[in-house]
Amino acid sequence: MRRTRVALALLAILMGLFGDYAAAQTTAEAEAVAAGALRSYSTVYSAGLEWDLAGDVDHDSRATLEYRVSGQSVWTPGLGLVRVDSTAGNMLAGSLLFLAPDTQYDVRVSLTDPDGGGDVRLLSVRTRPLPAAPSGRQVLHVVPGSGGGDGSAAAPFNGVAAAQAAAQPGDTFLLHAGTYGPVRFQTSGTDASYVVWKAAGDGEVSLGTIEVAASHVWLDGLTVRNRPFALLSVNSPTNVVITRCHFLNNHFALYLNGAGTDWYIADNTIVGDTPATSGSFDGEGIDLNSTSGHTVARNSITNVADAISSGRTNVDIFANDIFDTSDDGIEADYGGTNVRIWGNRIHNAVHNGISFQPQSGAPLYIIRNQIVGSVESAFKFRTTDRFVLLHNTIVHWGDAWPGRSMMCCNEEHLLRAYARNNLWISVQGGQIWGFDAYGRDWRTDLDFDGFDWGTAVDPFTYGGWTYPDVWAFANASGLETHGLRVSWRECFEDFRVPGPSPSVIPAHLMTLRPSCGAVDAGTILPNVNDGFQGSAPDLGAHEYGAPAAVYGPRPTVPDNSPPSVALTAPIDGALFTAPAAISISAAATDDDGAIASVDFLANGKEIGRRTTAPWSLSWTEVPDGLYTITARATDDRGAGTASAGATVSV
């Protein structure tokens, strides 16, 4: 009987050990990563990736990113992918930034996990091309009217409807000054050839409400005033280009009506009908309405509720000049994976600089933005996911609730960020981050930021405790171990913040003085701050010594007329004896610039170049043969023209 009890006891021990082993095996299998499908997509300047995962319940897998132009041998490191585990999926996701348009890239992604598993994937992705004006098709003329005309300069189409009846892909329609009324653009171009509707340049082209119901349409230089909606999309058009238009005193300027992808919206001026002081939530500048694939760049937007809102996935928003908005500067609500917001100037967005509540996917990128002035805070958080916050200059008066804070609400959502090299400036001093009782989790990675809290005694609250400076906060939390204190009075070359929002913030650049402690205080972020100027990257949006940031529409570059060139010697049909010495000369002029060079060719092969007048050379030791000699002139803006040929015998 005693032996039976001992045997049963040993069996119980063995079964317990086996159970512990099985549980450990199950845990190890759950913590190890297994790679699934890898997806990619692109815009003009960026590429996005999403890599599905299984396992990795402890969220410690990592994926490094490398890229190169296809055909080159050297790999360039990118910023690593971001670990995401939410309703959007269990994945690693992220972007390559600041790429060249219309370029093929090789991408190598390497997945590792300390608990086991991993993979290396190679893929190829091509950025989209910048929109290019069609060539080789007709340039046609349009004036206000109700029918007739053939599109010639002498007999222009009377009205847009008459022009559309004749439109073909690749056609450019010059709209002459006048009032045209509402228009529906419904003739599509192709991938290679837009249908272009462009102001002729002889005065304002005023339209009523514009409906875009066709793909590959380009609108340039048009004006819409005093409408509930200035421009609407209809029937899900793709690859629409909107450039250098003026949308003035409309309630909604551009409204993508729930559909349409891959728009390019750049260099437009939008002045809405909603004063910043109203605090209104209604009336948008550019409402992407949960659509994807867009580039929204270099627009000037003011007097609206939200300047730019609701891009869904794979959207680039950059270099926009946003000021005096009654709600948010950029409302990224319901944004999904790889929405990228970089290099924007956002001044006096009365409620919040950038809102993302909720996020529908991750990561969201917020990089090198200058965000100054709001009643609530620079960021509005609610139902957030992972986001990447790098090199921003964030300035608040410091009067958010409860009265001396930079952020009014839900600051704990910042604990879901990967944040580096930002400047957080409270103008009158006050609390920077009030995390209250919240603490870090697997999503939290905050470091290398600079802070000015003035004379506040409670700049950081974390885990239910208040800390008097960044160093005490770092010791308690393990966050911002490289954080530092700065002073706005000592740091900025230009700092004009006259008062709390809605005070008007003048347009200026908050560049750094060389003596500022934020200079050379950052950490290297591959593909983000490559080419920094000193011993290390600077904090904030502006690198000391780098070219100045430019926001809003770029200056208009006049059309470049090509040069004229004619061969003056030799004459056609001339005879020479081998080995010949042939004097070649040309006359070249450029009406709107200067001649940069003249190349001389024989049978299509270059035999000499001149970069200064006189445009002549002597071609010597010419053997027997028949040669067609031409000259090709290039002007100072790159346009070129070839002369007629002269055929000579040697």
# chains A, B, ... in the order shown; residues from 1 in each chain; ligands from 1

call {"tool": "residues_around", "arguments": {"residues": "region 542-556 of chain A", "least_positions_apart": "2", "cutoff": "8 Å", "atoms": "only C-alpha atoms", "output": "PyMOL selection string"}}
result
chain A and resi 244+266-269+297-300+319-321+343-345+368+391+509-514+519+532-533+537-540+558

call {"tool": "write_last_selection", "arguments": {"atoms": "C-alpha atoms", "output": "compact mmCIF listing (two decimals), in the first residue's frame"}}
result
# COMPACT_ATOMS: atom_id res chain seq x y z
CA ARG A 244 -2.95 76.54 -58.34
CA ALA A 266 -1.02 71.04 -54.56
CA ASP A 267 -0.24 74.77 -54.58
CA ASN A 268 -3.86 75.84 -54.07
CA THR A 269 -5.14 78.79 -52.03
CA ALA A 297 1.00 69.41 -50.55
CA ARG A 298 1.97 73.07 -50.46
CA ASN A 299 -1.52 74.50 -50.09
CA SER A 300 -2.39 77.67 -48.16
CA ALA A 319 4.46 71.55 -46.69
CA ASN A 320 1.01 73.07 -46.23
CA ASP A 321 0.62 76.51 -44.63
CA GLY A 343 6.73 69.57 -42.78
CA ASN A 344 3.51 71.56 -42.27
CA ARG A 345 3.18 74.91 -40.52
CA ARG A 368 8.87 68.09 -38.68
CA HIS A 391 11.23 66.39 -34.97
CA LEU A 509 10.06 80.05 -39.02
CA MET A 510 11.04 79.03 -35.51
CA THR A 511 14.63 78.30 -36.43
CA LEU A 512 17.27 77.68 -33.78
CA ARG A 513 20.12 79.85 -32.58
CA PRO A 514 23.50 78.09 -32.66
CA VAL A 519 21.34 71.96 -31.40
CA PHE A 532 22.06 66.63 -40.42
CA GLN A 533 24.47 69.55 -40.13
CA PRO A 537 20.64 66.02 -35.37
CA ASP A 538 18.96 69.02 -33.74
CA LEU A 539 15.65 68.88 -31.89
CA GLY A 540 12.52 70.35 -33.40
CA PRO A 558 6.56 81.20 -66.23

call {"tool": "residues_around", "arguments": {"residues": "Gly78 (chain A)", "least_positions_apart": "6", "cutoff": "9 Å", "atoms": "only C-alpha atoms", "output": "list in words"}}
result
Thr64, Leu65, Glu66, Tyr67, Ser95, Leu96, Leu97, Leu525, Pro526, Asn527 and Val528 of chain A

call {"tool": "write_last_selection", "arguments": {"atoms": "N, CA and C atoms", "output": "PDB file, in the first residue's frame"}}
result
ATOM      1  N   THR A  64      13.613  45.378 -39.375  1.00  0.00           N
ATOM      2  CA  THR A  64      14.420  46.451 -39.925  1.00  0.00           C
ATOM      3  C   THR A  64      14.107  46.614 -41.403  1.00  0.00           C
ATOM      4  N   LEU A  65      14.374  47.800 -41.910  1.00  0.00           N
ATOM      5  CA  LEU A  65      13.994  48.160 -43.267  1.00  0.00           C
ATOM      6  C   LEU A  65      15.218  48.734 -43.976  1.00  0.00           C
ATOM      7  N   GLU A  66      15.494  48.231 -45.175  1.00  0.00           N
ATOM      8  CA  GLU A  66      16.561  48.760 -46.018  1.00  0.00           C
ATOM      9  C   GLU A  66      16.012  48.951 -47.422  1.00  0.00           C
ATOM     10  N   TYR A  67      16.587  49.911 -48.149  1.00  0.00           N
ATOM     11  CA  TYR A  67      16.088  50.171 -49.495  1.00  0.00           C
ATOM     12  C   TYR A  67      17.227  50.689 -50.375  1.00  0.00           C
ATOM     13  N   SER A  95       6.632  52.982 -43.171  1.00  0.00           N
ATOM     14  CA  SER A  95       6.825  53.670 -44.442  1.00  0.00           C
ATOM     15  C   SER A  95       8.286  53.961 -44.705  1.00  0.00           C
ATOM     16  N   LEU A  96       8.621  54.021 -45.990  1.00  0.00           N
ATOM     17  CA  LEU A  96       9.822  54.681 -46.479  1.00  0.00           C
ATOM     18  C   LEU A  96       9.422  56.082 -46.902  1.00  0.00           C
ATOM     19  N   LEU A  97      10.230  57.065 -46.510  1.00  0.00           N
ATOM     20  CA  LEU A  97       9.854  58.467 -46.666  1.00  0.00           C
ATOM     21  C   LEU A  97      10.817  59.195 -47.594  1.00  0.00           C
ATOM     22  N   LEU A 525      17.992  59.206 -36.849  1.00  0.00           N
ATOM     23  CA  LEU A 525      16.807  58.462 -37.281  1.00  0.00           C
ATOM     24  C   LEU A 525      16.946  58.210 -38.772  1.00  0.00           C
ATOM     25  N   PRO A 526      17.330  57.008 -39.180  1.00  0.00           N
ATOM     26  CA  PRO A 526      17.567  56.769 -40.610  1.00  0.00           C
ATOM     27  C   PRO A 526      16.337  57.053 -41.450  1.00  0.00           C
ATOM     28  N   ASN A 527      16.579  57.677 -42.611  1.00  0.00           N
ATOM     29  CA  ASN A 527      15.538  58.038 -43.569  1.00  0.00           C
ATOM     30  C   ASN A 527      14.688  59.210 -43.085  1.00  0.00           C
ATOM     31  N   VAL A 528      15.018  59.784 -41.913  1.00  0.00           N
ATOM     32  CA  VAL A 528      14.284  60.933 -41.399  1.00  0.00           C
ATOM     33  C   VAL A 528      15.190  62.155 -41.288  1.00  0.00           C
TER      34      VAL A 528
END

call {"tool": "closest_residue", "arguments": {"among": "A:Pro237, A:Gly522, A:Gly178, A:Pro562", "to": "Trp263 (chain A)", "atoms": "only C-alpha atoms"}}
result
A:Pro237

call {"tool": "atom_distance", "arguments": {"atom1": "CA of Asp106 (chain A)", "atom2": "CA of Ala37 (chain A)"}}
result
17.6 Å

call {"tool": "residues_around", "arguments": {"residues": "Gly625 (chain A)", "least_positions_apart": "6", "cutoff": "9 Å", "atoms": "only C-alpha atoms", "output": "list in words"}}
result
Ala578, Val648, Ser649 and Val650 of chain A
